[in-house]
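Enquirer: Before we start, here is the structure in question, set down as structure tokens.
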Amino acid sequence: MSDPLDELFSPRQLKRDADTLAEWGRDWTRSYAVAPSAVVFVESIDDVVKLVQAANQHDFKLVPSGGRTGLSGGAVAGHGEVVVSFDRMNRILDFDPADRLVTCQAGVVTQTLQEFAGEQGLSYPVDFASSGSSQIGGNIATNAGGIKVIRYGLTRDWVAGLTVVTGNGEVLRCNHGLVKNATGYDLRHLFIGSEGTLGFVVEAQIRLAPAPQPQQVMVLGVPEFRDILEVLRTFQGALTLSAFEFFSEQALQKVLAHRNLRRPLPQPVPFYTLLEFDASALEAASEAFEAVVEAGWVVDGVLSQSEAQAAALWQLREGISESIAGYTPYKNDLSVRISQMPDFIETVDALVSDSYPDFEVCWYGHIGDGNLHLNILRPESLSVDEFYQRCHSISPKLFAEVSNRQGSISAEHGVGLLKRDFLGFSRSPEELEIMRGLKAMLDPGQILNPGKLLPLKS
Ligand code: S2G
Ligand code: ZN
């Protein structure tokens, strides 16, 4: 019996060779089986509709694939699914200067959008280390955050219009780029962060921000973890921060070993904060710096003297993920309200050293958003499976501490496969029931990204 895909797509768009299946059947994770049955490189909304209709008719499953930079297995096809790659739906379709709105196909690379915005004298201010490969459709599907959330918010805040293809094969065009639209439920926000389980993002109208003023970067040495929040409070009281990141000395050592960069300060310090702010606020920043040194929270600091030096300081933070990738780290991407952070940090630090005495741990993240990246590095003595088993077994204790503080077990990386079975630590049974109901309504054939995000019903 012929495969329905061969009737719908030519070999130019439909691939089944081993290399393509292996490459497009996964994201940035390396701990899940990758076994798609085919990859379709869609080129239009109509292609996506045809695929969804065929999947419902012939009961095969679809996994969306964008930049494949996901960290939770959300784009992994491990069970014969058909991967829907948006690589070829990568055009910027329209720009309206009056609305400051760019209409993008889902496959537009984040950096391409950022560059396009710059050419219009504007900016797309959501940024993260993977922006050179990630696609706007995937950013929307996971509500990507990154390093500028403290000032510019998350992807969700910049999506003024959204076109999705639901699991019923319907094309929904949500909000149409309006600033104000008080006409009932804002369905746009249902699909943002739904990880391709309710509908596939095919186009988006993205709002752009004014171009940022020249920025300056400061890296401060902070001996005590809990003082980082005093530093945050002091600087936030004095000026507008564009970024407030932190990383540990262990994380810094991994970056220095992996890249040809210089230490930010003459002497190692247990923790570092990286701040970015408008250069026009330098005087206020200098006064805040004096205050945090006077208080004993900060022992040393460096201020960027050029764009090149600012970029080199940013590399110390943004280079962490790539520098530790070789350890197949077990990633925890946690968030609590900032007021809860001091106590949370202390509790988790104790839990981690009790639970992982023989594992090396890297702390870093967007502490200004209450978001901690706790990466546990695999010792050479353990296979990936054994290592993940041990980390998985400890996660419930860690997530119980998150849950006690109404925190999130996945602050920005999404749920995918990695956090699916722990979702109950952050979402109530009632919420999970409603989420399942929405899935049943929008994807009754359960063909969209099956097995992701929603825990299997116990
Ligand atoms: C970060 C990037 C991915 C990782 O560096 O802020 O979100 O390694 C991360 O956790
Ligand atoms: Zn992050």
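Each chain of the structure tokens is named A, B, ... in the order shown, its residues numbered from 1; ligands are numbered from 1 in display order.
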Determine which residues of region 90-190 of chain A DSSP labels as alpha helix (DSSP H) from the backbone of this structure, then write them out as a PyMOL selection string.
Expert: chain A and resi 110-119+136-142+149-152+188-190
Enquirer: List the spatial neighbours of region 43-52 of chain A as a compact mmCIF listing (two decimals) with N, CA and C atoms, in the first residue's frame - criterion: any atom at most 7 Å away, only C-alpha atoms, same-chain residues fewer than 6 positions off excluded.
Expert:
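Final file, around17.txt:
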```
# COMPACT_ATOMS: atom_id res chain seq x y z
N ARG A 88 12.13 25.70 5.63
CA ARG A 88 11.92 26.38 4.35
C ARG A 88 10.80 27.41 4.41
N MET A 89 10.13 27.52 5.53
CA MET A 89 9.13 28.61 5.73
C MET A 89 9.84 29.68 6.53
N VAL A 165 -1.94 26.19 12.78
CA VAL A 165 -2.77 25.12 12.22
C VAL A 165 -3.05 24.16 13.36
N GLY A 167 -4.80 20.81 15.45
CA GLY A 167 -4.85 19.37 15.18
C GLY A 167 -6.07 18.97 14.38
N GLY A 169 -6.75 20.65 11.73
CA GLY A 169 -6.46 21.13 10.37
C GLY A 169 -7.03 22.51 10.11
N VAL A 202 2.61 28.76 12.32
CA VAL A 202 3.05 28.85 10.91
C VAL A 202 3.44 30.28 10.54
```
Enquirer: Please identify which residues in region 77-326 of chain A DSSP calls strand (DSSP E or B) from the backbone, and express them as a PyMOL selection string.
Expert: chain A and resi 82-85+92-96+101-105+109+122-123+135+159-166+171-174+199-207+209-210+215-222+241-248+271-278+300-303
Enquirer: Report as a ChimeraX atom specification all protein, DNA and RNA residues lying within 9 Å of Gly301 (chain A), evaluated on only C-alpha atoms, omitting residues in the same chain fewer than 3 positions from it.
Expert: /A:218-221,264-265,289,298
Enquirer: Residues within 8 Å of ligand 2 (only C-alpha atoms and all ligand atoms), as a ChimeraX atom specification?
Expert: /A:128,145-147,333,365-366,371-373,412-413
Enquirer: For the selection you just gave me, I'd like the residues written to a file as a PDB file, in the first residue's frame, keeping N, CA and C atoms.
Expert:
```pdb
ATOM      1  N   PHE A 128      19.049  35.146  23.384  1.00  0.00           N
ATOM      2  CA  PHE A 128      19.630  34.024  24.142  1.00  0.00           C
ATOM      3  C   PHE A 128      20.753  33.440  23.311  1.00  0.00           C
ATOM      4  N   GLY A 145      12.717  32.704  26.758  1.00  0.00           N
ATOM      5  CA  GLY A 145      13.013  33.868  27.610  1.00  0.00           C
ATOM      6  C   GLY A 145      14.364  34.463  27.281  1.00  0.00           C
ATOM      7  N   GLY A 146      15.434  33.977  27.966  1.00  0.00           N
ATOM      8  CA  GLY A 146      16.779  34.451  27.653  1.00  0.00           C
ATOM      9  C   GLY A 146      17.269  35.555  28.561  1.00  0.00           C
ATOM     10  N   ILE A 147      18.197  36.361  28.034  1.00  0.00           N
ATOM     11  CA  ILE A 147      19.009  37.226  28.897  1.00  0.00           C
ATOM     12  C   ILE A 147      18.473  38.634  29.083  1.00  0.00           C
ATOM     13  N   ASP A 333      16.023  23.805  35.137  1.00  0.00           N
ATOM     14  CA  ASP A 333      15.736  25.199  34.753  1.00  0.00           C
ATOM     15  C   ASP A 333      14.584  25.634  35.640  1.00  0.00           C
ATOM     16  N   GLY A 365      22.431  31.578  35.501  1.00  0.00           N
ATOM     17  CA  GLY A 365      21.058  31.861  35.069  1.00  0.00           C
ATOM     18  C   GLY A 365      20.656  33.314  35.185  1.00  0.00           C
ATOM     19  N   HIS A 366      19.367  33.496  35.019  1.00  0.00           N
ATOM     20  CA  HIS A 366      18.791  34.844  34.938  1.00  0.00           C
ATOM     21  C   HIS A 366      18.201  35.203  36.296  1.00  0.00           C
ATOM     22  N   ASN A 371      15.172  32.976  37.930  1.00  0.00           N
ATOM     23  CA  ASN A 371      15.396  31.773  37.119  1.00  0.00           C
ATOM     24  C   ASN A 371      16.835  31.261  37.297  1.00  0.00           C
ATOM     25  N   LEU A 372      16.910  30.032  37.855  1.00  0.00           N
ATOM     26  CA  LEU A 372      18.220  29.415  38.104  1.00  0.00           C
ATOM     27  C   LEU A 372      18.426  28.262  37.142  1.00  0.00           C
ATOM     28  N   HIS A 373      19.589  28.174  36.497  1.00  0.00           N
ATOM     29  CA  HIS A 373      19.958  26.993  35.717  1.00  0.00           C
ATOM     30  C   HIS A 373      20.907  26.182  36.577  1.00  0.00           C
ATOM     31  N   GLU A 412      11.979  28.339  31.541  1.00  0.00           N
ATOM     32  CA  GLU A 412      11.993  28.873  30.158  1.00  0.00           C
ATOM     33  C   GLU A 412      12.276  27.818  29.095  1.00  0.00           C
ATOM     34  N   HIS A 413      12.773  26.634  29.476  1.00  0.00           N
ATOM     35  CA  HIS A 413      13.159  25.632  28.474  1.00  0.00           C
ATOM     36  C   HIS A 413      11.986  24.782  28.016  1.00  0.00           C
TER      37      HIS A 413
END
```
Enquirer: Between A:Ala141, A:Leu8, A:Leu438, A:Leu71, which one has atoms that come closest to ligand 1, using only C-alpha atoms and all ligand atoms?
Expert: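 Closest residue, counting only C-alpha atoms and all ligand atoms: A:Leu71.
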Enquirer: Pick out the closest residue to Ser242 (chain A) from this set: A:Val126, A:Leu261, A:Ile206, A:Ala117. Count only C-alpha atoms.
Expert: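 Residue with the minimum atom-to-atom distance to Ser242 (chain A): A:Val126.
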Enquirer: In Å, with one decimal, what is the gap from CA of Phe425 (chain A) to CA of Ser383 (chain A)?
Expert: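 Interatomic distance here is 27.6 Å.
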Enquirer: At a cut-off of 10 Å, can you tabulate as a tab-separated table every residue of region 132-227 of chain A near region 98-111 of chain A together with its closest atom pair and the distance in Å to one decimal, using only C-alpha atoms and ordering rows by chain then number?
Expert:
```
residue	atom	partner	partner_atom	distance
A:Gly132	CA	A:Gln111	CA	5.1
A:Ser133	CA	A:Val109	CA	6.1
A:Ser134	CA	A:Val109	CA	5.6
A:Gln135	CA	A:Val109	CA	4.2
A:Ile136	CA	A:Thr110	CA	5.5
A:Gly137	CA	A:Ala106	CA	4.1
A:Gly138	CA	A:Ala106	CA	7.6
A:Asn139	CA	A:Thr110	CA	8.1
A:Ile140	CA	A:Ala106	CA	8.9
A:Ala141	CA	A:Ala106	CA	10.0
A:Trp158	CA	A:Leu101	CA	9.6
A:Val159	CA	A:Leu101	CA	9.4
A:Ala160	CA	A:Leu101	CA	7.9
A:Gly161	CA	A:Thr103	CA	8.5
A:Leu162	CA	A:Thr103	CA	9.3
A:Thr163	CA	A:Ala106	CA	9.3
A:Val164	CA	A:Ala106	CA	9.6
A:Gly177	CA	A:Leu101	CA	7.4
A:Leu178	CA	A:Asp99	CA	9.0
A:Val179	CA	A:Asp99	CA	9.1
A:Phe200	CA	A:Ala106	CA	9.0
A:Val201	CA	A:Ala106	CA	6.2
A:Val202	CA	A:Ala106	CA	4.8
A:Glu203	CA	A:Gln105	CA	4.4
A:Ala204	CA	A:Cys104	CA	5.4
A:Gln205	CA	A:Thr103	CA	4.3
A:Ile206	CA	A:Val102	CA	5.2
A:Arg207	CA	A:Leu101	CA	4.7
A:Leu208	CA	A:Arg100	CA	5.5
A:Ala209	CA	A:Arg100	CA	7.7
A:Pro210	CA	A:Arg100	CA	9.0
```
Enquirer: Keeping only N, CA, C and O atoms, take the residues you just selected and write them out as a compact mmCIF listing (two decimals), in the first residue's frame.
Expert:
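Output file out.txt is given in full below:
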```
# COMPACT_ATOMS: atom_id res chain seq x y z
N GLY A 132 21.17 32.29 17.07
CA GLY A 132 21.70 32.15 15.71
C GLY A 132 21.14 30.95 14.99
O GLY A 132 21.24 30.83 13.77
N SER A 133 20.51 30.03 15.76
CA SER A 133 19.96 28.81 15.13
C SER A 133 18.47 28.66 15.40
O SER A 133 17.74 28.12 14.58
N SER A 134 18.00 29.17 16.55
CA SER A 134 16.58 28.94 16.89
C SER A 134 15.68 29.69 15.90
O SER A 134 16.11 30.65 15.25
N GLN A 135 14.44 29.23 15.80
CA GLN A 135 13.49 29.84 14.87
C GLN A 135 12.34 30.48 15.65
O GLN A 135 11.99 30.00 16.74
N ILE A 136 11.73 31.50 15.10
CA ILE A 136 10.72 32.26 15.84
C ILE A 136 9.53 31.35 16.17
O ILE A 136 8.94 31.48 17.24
N GLY A 137 9.25 30.40 15.31
CA GLY A 137 8.13 29.48 15.59
C GLY A 137 8.40 28.65 16.84
O GLY A 137 7.52 28.50 17.70
N GLY A 138 9.62 28.18 16.99
CA GLY A 138 9.99 27.40 18.17
C GLY A 138 10.09 28.29 19.41
O GLY A 138 9.69 27.90 20.51
N ASN A 139 10.56 29.53 19.22
CA ASN A 139 10.62 30.48 20.34
C ASN A 139 9.20 30.71 20.89
O ASN A 139 8.99 30.77 22.09
N ILE A 140 8.24 30.81 19.95
CA ILE A 140 6.85 31.05 20.37
C ILE A 140 6.28 29.79 21.02
O ILE A 140 5.63 29.85 22.06
N ALA A 141 6.59 28.64 20.44
CA ALA A 141 6.05 27.38 20.97
C ALA A 141 6.53 27.09 22.38
O ALA A 141 5.87 26.43 23.16
N TRP A 158 5.80 39.83 22.77
CA TRP A 158 6.09 40.52 21.51
C TRP A 158 5.29 39.95 20.35
O TRP A 158 5.46 40.36 19.20
N VAL A 159 4.41 38.96 20.67
CA VAL A 159 3.62 38.33 19.59
C VAL A 159 2.29 39.08 19.48
O VAL A 159 1.39 38.93 20.32
N ALA A 160 2.16 39.88 18.45
CA ALA A 160 0.96 40.71 18.29
C ALA A 160 -0.10 39.99 17.46
O ALA A 160 -1.29 40.33 17.49
N GLY A 161 0.34 38.99 16.71
CA GLY A 161 -0.62 38.20 15.93
C GLY A 161 -0.01 36.83 15.71
O GLY A 161 1.21 36.70 15.63
N LEU A 162 -0.86 35.81 15.62
CA LEU A 162 -0.34 34.44 15.52
C LEU A 162 -1.25 33.61 14.61
O LEU A 162 -2.48 33.64 14.79
N THR A 163 -0.64 32.92 13.65
CA THR A 163 -1.40 32.00 12.79
C THR A 163 -0.93 30.60 13.10
O THR A 163 0.28 30.32 13.05
N VAL A 164 -1.88 29.73 13.48
CA VAL A 164 -1.54 28.35 13.80
C VAL A 164 -2.44 27.42 13.00
O VAL A 164 -3.53 27.80 12.56
N GLY A 177 -2.42 41.38 15.00
CA GLY A 177 -1.48 42.48 15.23
C GLY A 177 -2.04 43.65 16.02
O GLY A 177 -1.38 44.67 16.18
N LEU A 178 -3.26 43.49 16.55
CA LEU A 178 -3.86 44.62 17.29
C LEU A 178 -3.17 44.84 18.63
O LEU A 178 -2.75 43.91 19.28
N VAL A 179 -3.09 46.12 19.02
CA VAL A 179 -2.58 46.42 20.36
C VAL A 179 -3.68 46.16 21.38
O VAL A 179 -3.47 45.56 22.42
N PHE A 200 0.32 23.99 15.31
CA PHE A 200 1.68 24.34 14.83
C PHE A 200 1.69 25.82 14.45
O PHE A 200 0.87 26.25 13.64
N VAL A 201 2.62 26.56 15.01
CA VAL A 201 2.80 27.97 14.62
C VAL A 201 3.29 28.00 13.17
O VAL A 201 4.25 27.31 12.82
N VAL A 202 2.61 28.76 12.32
CA VAL A 202 3.05 28.85 10.91
C VAL A 202 3.44 30.28 10.54
O VAL A 202 4.29 30.49 9.68
N GLU A 203 2.81 31.27 11.19
CA GLU A 203 3.20 32.67 10.95
C GLU A 203 2.99 33.46 12.23
O GLU A 203 2.18 33.07 13.08
N ALA A 204 3.76 34.56 12.35
CA ALA A 204 3.57 35.41 13.54
C ALA A 204 3.78 36.87 13.16
O ALA A 204 4.60 37.17 12.28
N GLN A 205 3.01 37.74 13.79
CA GLN A 205 3.23 39.18 13.66
C GLN A 205 3.94 39.63 14.93
O GLN A 205 3.38 39.57 16.02
N ILE A 206 5.20 40.02 14.78
CA ILE A 206 6.05 40.34 15.92
C ILE A 206 6.20 41.85 16.06
O ILE A 206 6.52 42.54 15.08
N ARG A 207 5.95 42.33 17.26
CA ARG A 207 6.13 43.76 17.57
C ARG A 207 7.62 44.04 17.75
O ARG A 207 8.33 43.20 18.30
N LEU A 208 8.08 45.19 17.30
CA LEU A 208 9.48 45.55 17.49
C LEU A 208 9.59 46.70 18.48
O LEU A 208 8.66 47.49 18.64
N ALA A 209 10.74 46.77 19.14
CA ALA A 209 11.00 47.82 20.14
C ALA A 209 11.90 48.89 19.54
O ALA A 209 12.56 48.65 18.52
N PRO A 210 11.92 50.08 20.12
CA PRO A 210 12.88 51.09 19.68
C PRO A 210 14.29 50.52 19.83
O PRO A 210 14.52 49.63 20.65
```
